[in-house]
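Colleague: Got query_39.cif for you, mmCIF, C-alpha atoms and all ligand atoms:
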data_query
#
loop_
_atom_site.label_atom_id
_atom_site.label_comp_id
_atom_site.auth_asym_id
_atom_site.auth_seq_id
_atom_site.Cartn_x
_atom_site.Cartn_y
_atom_site.Cartn_z
CA MET A 1 20.23 9.34 -5.05
CA HIS A 2 22.54 6.88 -3.41
CA LEU A 3 20.40 3.73 -3.33
CA LYS A 4 22.18 1.54 -0.78
CA GLY A 5 20.35 1.43 2.54
CA LYS A 6 17.27 3.23 1.20
CA MET A 7 13.79 1.73 0.97
CA ALA A 8 11.70 1.08 -2.16
CA LEU A 9 8.07 0.12 -2.66
CA VAL A 10 7.36 -1.71 -5.92
CA THR A 11 3.73 -2.30 -6.84
CA GLY A 12 3.01 -5.57 -8.62
CA GLY A 13 6.45 -6.67 -7.42
CA ALA A 14 5.77 -10.38 -6.96
CA ARG A 15 6.12 -11.66 -10.51
CA ARG A 16 7.45 -10.93 -13.99
CA LEU A 17 8.87 -7.42 -14.49
CA GLY A 18 7.84 -6.24 -11.03
CA ARG A 19 9.96 -9.03 -9.52
CA ALA A 20 12.88 -8.02 -11.75
CA PHE A 21 12.58 -4.44 -10.46
CA VAL A 22 12.52 -5.64 -6.84
CA LEU A 23 15.57 -7.84 -7.31
CA ALA A 24 17.55 -5.15 -9.17
CA LEU A 25 16.87 -2.73 -6.31
CA ALA A 26 17.80 -5.35 -3.71
CA ARG A 27 21.03 -6.04 -5.64
CA ALA A 28 21.75 -2.31 -5.45
CA GLY A 29 21.44 -2.56 -1.67
CA MET A 30 17.89 -1.24 -1.21
CA ASP A 31 15.39 -2.62 1.30
CA VAL A 32 12.21 -3.52 -0.58
CA ILE A 33 8.48 -3.72 -0.01
CA VAL A 34 7.00 -6.17 -2.49
CA HIS A 35 3.40 -5.20 -3.12
CA TYR A 36 1.17 -7.87 -4.68
CA GLY A 37 -2.48 -8.35 -5.56
CA HIS A 38 -3.18 -12.10 -5.83
CA ALA A 39 0.27 -13.64 -6.14
CA ALA A 40 0.96 -14.28 -2.43
CA GLN A 41 3.27 -17.24 -2.98
CA ALA A 42 5.24 -15.51 -5.73
CA ALA A 43 5.55 -12.47 -3.45
CA GLU A 44 7.04 -14.62 -0.68
CA GLU A 45 9.51 -16.14 -3.17
CA THR A 46 10.50 -12.67 -4.35
CA VAL A 47 10.99 -11.55 -0.74
CA ALA A 48 13.19 -14.59 -0.09
CA GLN A 49 15.26 -13.88 -3.22
CA ALA A 50 15.62 -10.20 -2.27
CA ARG A 51 16.82 -11.11 1.24
CA ARG A 52 19.64 -13.17 -0.27
CA HIS A 53 21.15 -9.81 -1.28
CA GLY A 54 21.43 -8.97 2.43
CA VAL A 55 18.59 -6.43 2.47
CA ARG A 56 15.31 -6.29 4.38
CA ALA A 57 12.20 -7.26 2.41
CA VAL A 58 8.52 -7.76 3.16
CA ALA A 59 5.43 -8.50 1.08
CA LEU A 60 2.24 -6.44 1.36
CA GLN A 61 -1.08 -7.30 -0.26
CA ALA A 62 -3.49 -4.65 -1.60
CA ASP A 63 -6.14 -4.66 -4.29
CA LEU A 64 -5.27 -1.53 -6.25
CA GLN A 65 -8.73 -1.44 -7.79
CA GLU A 66 -9.92 -0.27 -4.38
CA ALA A 67 -9.18 3.42 -3.74
CA ASP A 68 -8.90 2.89 0.02
CA GLU A 69 -6.32 0.14 -0.35
CA ALA A 70 -4.21 2.21 -2.74
CA LEU A 71 -4.51 5.23 -0.46
CA HIS A 72 -3.11 3.40 2.58
CA LEU A 73 -0.42 1.26 0.98
CA VAL A 74 2.50 3.67 1.49
CA GLU A 75 1.48 4.19 5.11
CA ARG A 76 1.35 0.42 5.64
CA ALA A 77 4.75 0.09 3.98
CA ALA A 78 6.14 2.72 6.35
CA GLU A 79 4.70 0.86 9.35
CA SER A 80 6.02 -2.52 8.21
CA LEU A 81 9.66 -1.51 7.60
CA ALA A 82 10.34 2.18 7.05
CA LEU A 83 9.08 5.04 4.92
CA PRO A 84 10.09 4.37 1.29
CA GLN A 85 12.19 6.95 -0.57
CA VAL A 86 11.44 5.21 -3.88
CA LEU A 87 8.06 4.31 -5.35
CA VAL A 88 7.86 2.20 -8.52
CA ASN A 89 4.36 2.04 -9.96
CA SER A 90 4.54 -1.17 -11.99
CA ALA A 91 1.24 -2.96 -11.23
CA ALA A 92 -1.09 -2.74 -14.20
CA ILE A 93 -3.52 -4.61 -16.36
CA PHE A 94 -3.28 -4.98 -20.14
CA VAL A 95 -6.57 -6.14 -21.60
CA PRO A 96 -7.41 -5.84 -25.32
CA GLY A 97 -10.23 -3.65 -26.56
CA THR A 98 -10.91 -1.27 -29.45
CA LEU A 99 -13.26 1.71 -29.54
CA ARG A 100 -16.07 -0.57 -30.72
CA ASN A 101 -15.75 -3.34 -28.16
CA THR A 102 -14.38 -1.75 -24.97
CA ASP A 103 -17.06 -2.07 -22.30
CA LEU A 104 -17.39 -0.03 -19.14
CA ASP A 105 -15.81 -2.72 -16.98
CA ASN A 106 -12.68 -2.89 -19.18
CA TRP A 107 -12.49 0.92 -19.18
CA SER A 108 -12.96 1.34 -15.41
CA ARG A 109 -10.54 -1.39 -14.38
CA HIS A 110 -7.74 0.09 -16.51
CA PHE A 111 -8.29 3.55 -15.11
CA ARG A 112 -8.52 2.38 -11.49
CA ILE A 113 -5.45 0.13 -11.54
CA ASN A 114 -3.19 1.81 -14.12
CA LEU A 115 -3.91 5.46 -13.30
CA ARG A 116 -5.88 6.10 -10.11
CA ALA A 117 -3.69 3.80 -8.00
CA PRO A 118 -0.39 5.47 -9.07
CA PHE A 119 -2.04 8.86 -8.41
CA LEU A 120 -3.16 7.88 -4.89
CA LEU A 121 0.16 6.20 -4.11
CA THR A 122 2.17 9.20 -5.31
CA GLN A 123 -0.04 11.57 -3.34
CA SER A 124 0.40 9.70 -0.07
CA PHE A 125 4.11 9.06 -0.80
CA ALA A 126 4.70 12.82 -1.18
CA ARG A 127 2.59 13.64 1.86
CA LEU A 128 4.47 11.19 4.08
CA LEU A 129 7.90 12.21 2.78
CA ASP A 130 7.00 15.76 3.79
CA GLY A 131 9.90 17.50 2.05
CA GLN A 132 12.47 14.69 2.27
CA PRO A 133 14.03 13.47 -1.01
CA GLY A 134 12.22 10.81 -3.00
CA LYS A 135 11.77 9.28 -6.48
CA VAL A 136 8.74 8.00 -8.31
CA VAL A 137 9.03 5.93 -11.47
CA ASN A 138 5.86 5.10 -13.38
CA ILE A 139 6.07 2.15 -15.74
CA VAL A 140 4.32 2.97 -19.00
CA ASP A 141 4.44 1.81 -22.61
CA TRP A 142 5.54 3.37 -25.92
CA ARG A 143 1.86 3.02 -26.93
CA ALA A 144 1.07 5.79 -24.44
CA LEU A 145 2.95 8.21 -26.72
CA TYR A 146 2.14 6.63 -30.10
CA PRO A 147 -1.39 5.21 -29.89
CA GLY A 148 -2.68 2.56 -32.25
CA ARG A 149 -6.17 1.06 -32.60
CA GLN A 150 -5.83 -1.79 -30.11
CA TYR A 151 -5.78 -1.69 -26.30
CA LEU A 152 -7.87 1.48 -26.11
CA ALA A 153 -8.42 1.76 -22.34
CA TYR A 154 -4.89 0.50 -21.56
CA THR A 155 -3.34 3.08 -23.91
CA LEU A 156 -5.46 5.91 -22.57
CA SER A 157 -4.71 5.01 -18.95
CA LYS A 158 -0.95 4.90 -19.65
CA ALA A 159 -1.12 8.14 -21.70
CA ALA A 160 -2.78 9.82 -18.74
CA LEU A 161 -0.08 8.35 -16.49
CA VAL A 162 2.53 10.07 -18.69
CA THR A 163 0.74 13.40 -18.26
CA PHE A 164 0.42 12.68 -14.54
CA THR A 165 4.19 12.03 -14.42
CA GLN A 166 4.86 15.48 -15.87
CA MET A 167 2.35 17.26 -13.61
CA ALA A 168 3.59 15.47 -10.49
CA ALA A 169 7.23 16.19 -11.42
CA ARG A 170 6.42 19.87 -11.52
CA GLU A 171 4.41 19.99 -8.33
CA LEU A 172 6.71 17.78 -6.25
CA ALA A 173 9.98 19.48 -7.28
CA PRO A 174 12.58 20.02 -6.04
CA HIS A 175 12.68 17.20 -3.48
CA ILE A 176 10.89 14.44 -5.43
CA GLN A 177 11.74 13.49 -9.03
CA VAL A 178 8.97 11.80 -10.99
CA ASN A 179 9.79 9.98 -14.23
CA ALA A 180 8.36 7.29 -16.48
CA LEU A 181 9.90 4.31 -18.25
CA ALA A 182 8.11 3.61 -21.54
CA LEU A 183 8.63 -0.02 -22.43
CA GLY A 184 8.18 -2.05 -25.58
CA ALA A 185 7.99 -5.82 -25.66
CA VAL A 186 9.85 -7.45 -22.79
CA LEU A 187 7.83 -10.48 -21.69
CA PRO A 188 4.86 -12.04 -23.49
CA PRO A 189 1.50 -11.35 -21.82
CA PRO A 190 0.74 -14.15 -19.30
CA ASP A 191 -1.68 -15.83 -21.72
CA LYS A 192 0.77 -15.76 -24.69
CA ASP A 193 4.02 -17.62 -25.38
CA GLU A 194 7.54 -16.74 -26.57
CA ALA A 195 6.53 -17.45 -30.19
CA TYR A 196 3.97 -14.63 -29.91
CA LEU A 197 6.70 -12.31 -28.62
CA GLU A 198 9.04 -13.34 -31.47
CA ARG A 199 6.34 -12.49 -33.99
CA ILE A 200 5.51 -9.05 -32.62
CA VAL A 201 9.15 -7.94 -32.42
CA GLN A 202 9.89 -8.63 -36.08
CA ARG A 203 8.87 -5.06 -37.00
CA VAL A 204 10.77 -3.51 -34.11
CA PRO A 205 14.10 -1.97 -35.25
CA ALA A 206 15.96 -3.92 -32.55
CA LYS A 207 14.45 -7.17 -33.96
CA ARG A 208 14.11 -8.62 -30.48
CA ALA A 209 12.37 -8.12 -27.17
CA ALA A 210 14.21 -6.24 -24.42
CA ARG A 211 16.38 -8.18 -22.03
CA VAL A 212 15.10 -7.71 -18.51
CA GLU A 213 18.46 -6.21 -17.40
CA GLU A 214 18.09 -3.53 -20.10
CA ILE A 215 14.89 -2.45 -18.36
CA THR A 216 16.17 -2.70 -14.79
CA ASP A 217 19.34 -0.78 -15.76
CA ALA A 218 17.13 2.05 -17.05
CA LEU A 219 15.22 2.08 -13.76
CA LEU A 220 18.46 2.29 -11.75
CA PHE A 221 19.74 5.07 -14.02
CA LEU A 222 16.59 7.15 -13.40
CA LEU A 223 16.74 6.56 -9.66
CA ARG A 224 20.41 7.49 -9.34
CA ASN A 225 20.12 10.73 -11.29
CA ASP A 226 18.77 13.70 -9.32
CA TYR A 227 18.55 16.12 -12.26
CA ILE A 228 16.07 14.22 -14.44
CA THR A 229 12.41 14.84 -13.72
CA GLY A 230 9.23 14.74 -15.78
CA GLU A 231 11.06 12.56 -18.31
CA VAL A 232 9.60 9.66 -20.24
CA LEU A 233 12.45 7.34 -21.11
CA LEU A 234 11.62 5.08 -24.06
CA VAL A 235 13.30 1.69 -23.71
CA ASP A 236 11.54 -0.07 -26.55
CA GLY A 237 14.19 -1.06 -29.13
CA GLY A 238 12.81 1.67 -31.41
CA ALA A 239 9.25 0.27 -31.54
CA HIS A 240 7.82 3.80 -31.44
CA LEU A 241 9.71 4.68 -34.65
CA VAL A 242 7.79 2.18 -36.74
CA HIS A 243 4.33 2.41 -35.23
CA GLY A 244 1.26 2.67 -37.42
N1 LIG B 1 5.59 -7.19 -20.11
C1 LIG B 1 5.90 -6.33 -21.06
O1 LIG B 1 6.52 -6.69 -22.07
C2 LIG B 1 5.50 -4.86 -20.92
C3 LIG B 1 5.51 -4.04 -22.05
C4 LIG B 1 5.17 -2.69 -21.92
C5 LIG B 1 4.83 -2.19 -20.67
N2 LIG B 1 4.81 -3.02 -19.59
C6 LIG B 1 4.43 -2.45 -18.29
O2 LIG B 1 5.37 -2.90 -17.31
C7 LIG B 1 4.72 -3.15 -16.07
C8 LIG B 1 4.98 -4.59 -15.61
O3 LIG B 1 4.64 -5.46 -16.66
P1 LIG B 1 4.30 -7.01 -16.42
O4 LIG B 1 4.10 -7.60 -17.76
O5 LIG B 1 5.29 -7.58 -15.49
O6 LIG B 1 2.88 -6.82 -15.71
P2 LIG B 1 1.73 -7.91 -15.40
O7 LIG B 1 2.34 -9.23 -15.20
O8 LIG B 1 0.67 -7.77 -16.44
O9 LIG B 1 1.11 -7.30 -14.07
C9 LIG B 1 1.90 -6.80 -13.04
C10 LIG B 1 1.25 -6.98 -11.71
O10 LIG B 1 0.17 -6.07 -11.55
C11 LIG B 1 -0.53 -6.54 -10.43
N3 LIG B 1 -1.94 -6.13 -10.45
C12 LIG B 1 -2.81 -6.14 -11.48
N4 LIG B 1 -4.05 -5.77 -11.04
C13 LIG B 1 -3.92 -5.52 -9.70
C14 LIG B 1 -4.82 -5.13 -8.69
N5 LIG B 1 -6.12 -4.90 -8.91
N6 LIG B 1 -4.34 -4.98 -7.43
C15 LIG B 1 -3.04 -5.21 -7.16
N7 LIG B 1 -2.15 -5.60 -8.07
C16 LIG B 1 -2.57 -5.75 -9.33
C17 LIG B 1 -0.47 -8.06 -10.48
O11 LIG B 1 -0.17 -8.54 -9.17
P3 LIG B 1 -0.60 -10.03 -8.67
O12 LIG B 1 0.02 -10.96 -9.69
O13 LIG B 1 -0.01 -10.14 -7.33
O14 LIG B 1 -2.10 -10.06 -8.66
C18 LIG B 1 0.63 -8.35 -11.48
O15 LIG B 1 1.61 -9.24 -11.03
C19 LIG B 1 3.24 -2.84 -16.30
O16 LIG B 1 2.97 -1.53 -15.88
C20 LIG B 1 3.08 -2.96 -17.80
O17 LIG B 1 2.02 -2.17 -18.31
C21 LIG B 1 5.12 -4.34 -19.68
#
Rewrite the structure of this file - the entire thing - as structure tokens.
Ligand SMILES: NC(=O)c1ccc[n+]([C@@H]2O[C@H](COP(=O)([O-])OP(=O)(O)OC[C@H]3O[C@@H](n4cnc5c(N)ncnc54)[C@H](OP(=O)(O)O)[C@@H]3O)[C@@H](O)[C@H]2O)c1

Modeller:
Amino acid sequence: MHLKGKMALVTGGARRLGRAFVLALARAGMDVIVHYGHAAQAAEETVAQARRHGVRAVALQADLQEADEALHLVERAAESLALPQVLVNSAAIFVPGTLRNTDLDNWSRHFRINLRAPFLLTQSFARLLDGQPGKVVNIVDWRALYPGRQYLAYTLSKAALVTFTQMAARELAPHIQVNALALGAVLPPPDKDEAYLERIVQRVPAKRAARVEEITDALLFLLRNDYITGEVLLVDGGAHLVHG
């Protein structure tokens, strides 16, 4: 896909990695819809930064825990600027929990936000595109392929998102390619600092966290290539090789 002049919707696009995705797409010449949940001010800043690349950008709020809001987001995006040809499902939560201490609330929130929302968004995206070319990229985690003991509901929701990626790729071919980017450590969780990140990457073969451009380059690669679908691209510095 030639990205310049096309439209992308990035969920959770206001802050952190979502913002990096938005700005990489804007730099590539794409108009962008910056979806956000709570971060209204950050979303406006991201929109302003995106516009500096000479593209159109708007922010749209939706609580992706609510099925109705997820269901109508692509339609609202289409009404606010134009129908997106690219959907990046980046919004997620990452809350600890093992088999013993994961409660129903932790479980349900992960499945609603990390799995049900991408499903509903992809469904309406495909319906609205109605045979025109499109791309979906789901942001997952190497843990989805190599589960450990921690982050039970998170891992299961992302593992199901990997399976969803493969099923959607098959059903939506040939006009829509659906892929996943499986990340390792990039940014520390919002409640942790850089020292935490430094510690957890010591076992990773790359011996460091990913640079944000290494992640956004992988996104652009997947979007530009029309012959890759149903793929899960690990961009984790080899973290999956040393798990367990
Ligand atoms: N950071 C990493 O190192 C890392 C590692 C592996 C995988 N990943 C994956 O990469 C993606 C981005 O990571 P990140 O660290 O940048 O994510 P993040 O900061 O944890 O969250 C991304 C965004 O998700 C949105 N969100 C959460 N719940 C929502 C809800 N109910 N409704 C609407 N939006 C909601 C939030 O938007 P608001 O702030 O607007 O509420 C938030 O900004 C995620 O899918 C994550 O699992 C990240």

Colleague: Could you check which residues have any atom within 12 Å of (6.0, 1.5, 7.0), counting only C-alpha atoms with coordinates taken straight from the file, and then list them as a PyMOL selection string?

Modeller: chain A and resi 7-9+31-33+57-60+72-85+125+128-129

Colleague: Choose the residue, out of A:Asp217, A:Glu66, A:Glu194, A:Asp130, that has the smallest atom-to-atom separation from ligand LIG 1 (chain B); count all atoms listed in the file.

Modeller: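 The shortest atom-to-atom distance to ligand LIG 1 (chain B) comes from A:Glu66.
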
Colleague: In Å, rounded to a single decimal, give me how far CA of Met1 (chain A) is from CA of Ala173 (chain A).

Modeller: 14.6 Å

Colleague: Show me which residues line ligand LIG 1 (chain B), defined as having an atom within 8 Å of a ligand atom where all atoms listed in the file count, and present them as a ChimeraX atom specification.

Modeller: /A:11-19,35-40,42-43,61-66,89-94,109,113-114,138-142,158,182-190,209

Colleague: Write a file of the selected residues as a compact mmCIF listing (two decimals), in the coordinates of the input, keeping C-alpha atoms.

Modeller:
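Listed below is the output, selection-v6.txt:
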# COMPACT_ATOMS: atom_id res chain seq x y z
CA THR A 11 3.73 -2.30 -6.84
CA GLY A 12 3.01 -5.57 -8.62
CA GLY A 13 6.45 -6.67 -7.42
CA ALA A 14 5.77 -10.38 -6.96
CA ARG A 15 6.12 -11.66 -10.51
CA ARG A 16 7.45 -10.93 -13.99
CA LEU A 17 8.87 -7.42 -14.49
CA GLY A 18 7.84 -6.24 -11.03
CA ARG A 19 9.96 -9.03 -9.52
CA HIS A 35 3.40 -5.20 -3.12
CA TYR A 36 1.17 -7.87 -4.68
CA GLY A 37 -2.48 -8.35 -5.56
CA HIS A 38 -3.18 -12.10 -5.83
CA ALA A 39 0.27 -13.64 -6.14
CA ALA A 40 0.96 -14.28 -2.43
CA ALA A 42 5.24 -15.51 -5.73
CA ALA A 43 5.55 -12.47 -3.45
CA GLN A 61 -1.08 -7.30 -0.26
CA ALA A 62 -3.49 -4.65 -1.60
CA ASP A 63 -6.14 -4.66 -4.29
CA LEU A 64 -5.27 -1.53 -6.25
CA GLN A 65 -8.73 -1.44 -7.79
CA GLU A 66 -9.92 -0.27 -4.38
CA ASN A 89 4.36 2.04 -9.96
CA SER A 90 4.54 -1.17 -11.99
CA ALA A 91 1.24 -2.96 -11.23
CA ALA A 92 -1.09 -2.74 -14.20
CA ILE A 93 -3.52 -4.61 -16.36
CA PHE A 94 -3.28 -4.98 -20.14
CA ARG A 109 -10.54 -1.39 -14.38
CA ILE A 113 -5.45 0.13 -11.54
CA ASN A 114 -3.19 1.81 -14.12
CA ASN A 138 5.86 5.10 -13.38
CA ILE A 139 6.07 2.15 -15.74
CA VAL A 140 4.32 2.97 -19.00
CA ASP A 141 4.44 1.81 -22.61
CA TRP A 142 5.54 3.37 -25.92
CA LYS A 158 -0.95 4.90 -19.65
CA ALA A 182 8.11 3.61 -21.54
CA LEU A 183 8.63 -0.02 -22.43
CA GLY A 184 8.18 -2.05 -25.58
CA ALA A 185 7.99 -5.82 -25.66
CA VAL A 186 9.85 -7.45 -22.79
CA LEU A 187 7.83 -10.48 -21.69
CA PRO A 188 4.86 -12.04 -23.49
CA PRO A 189 1.50 -11.35 -21.82
CA PRO A 190 0.74 -14.15 -19.30
CA ALA A 209 12.37 -8.12 -27.17

Colleague: Go through A:Glu171, A:Asp68, A:Glu213, A:Glu198 one by one, measure the shortest atom-to-atom distance of each to Val235 (chain A) using all atoms listed in the file, and give the residue with the smallest value.

Modeller: A:Glu213
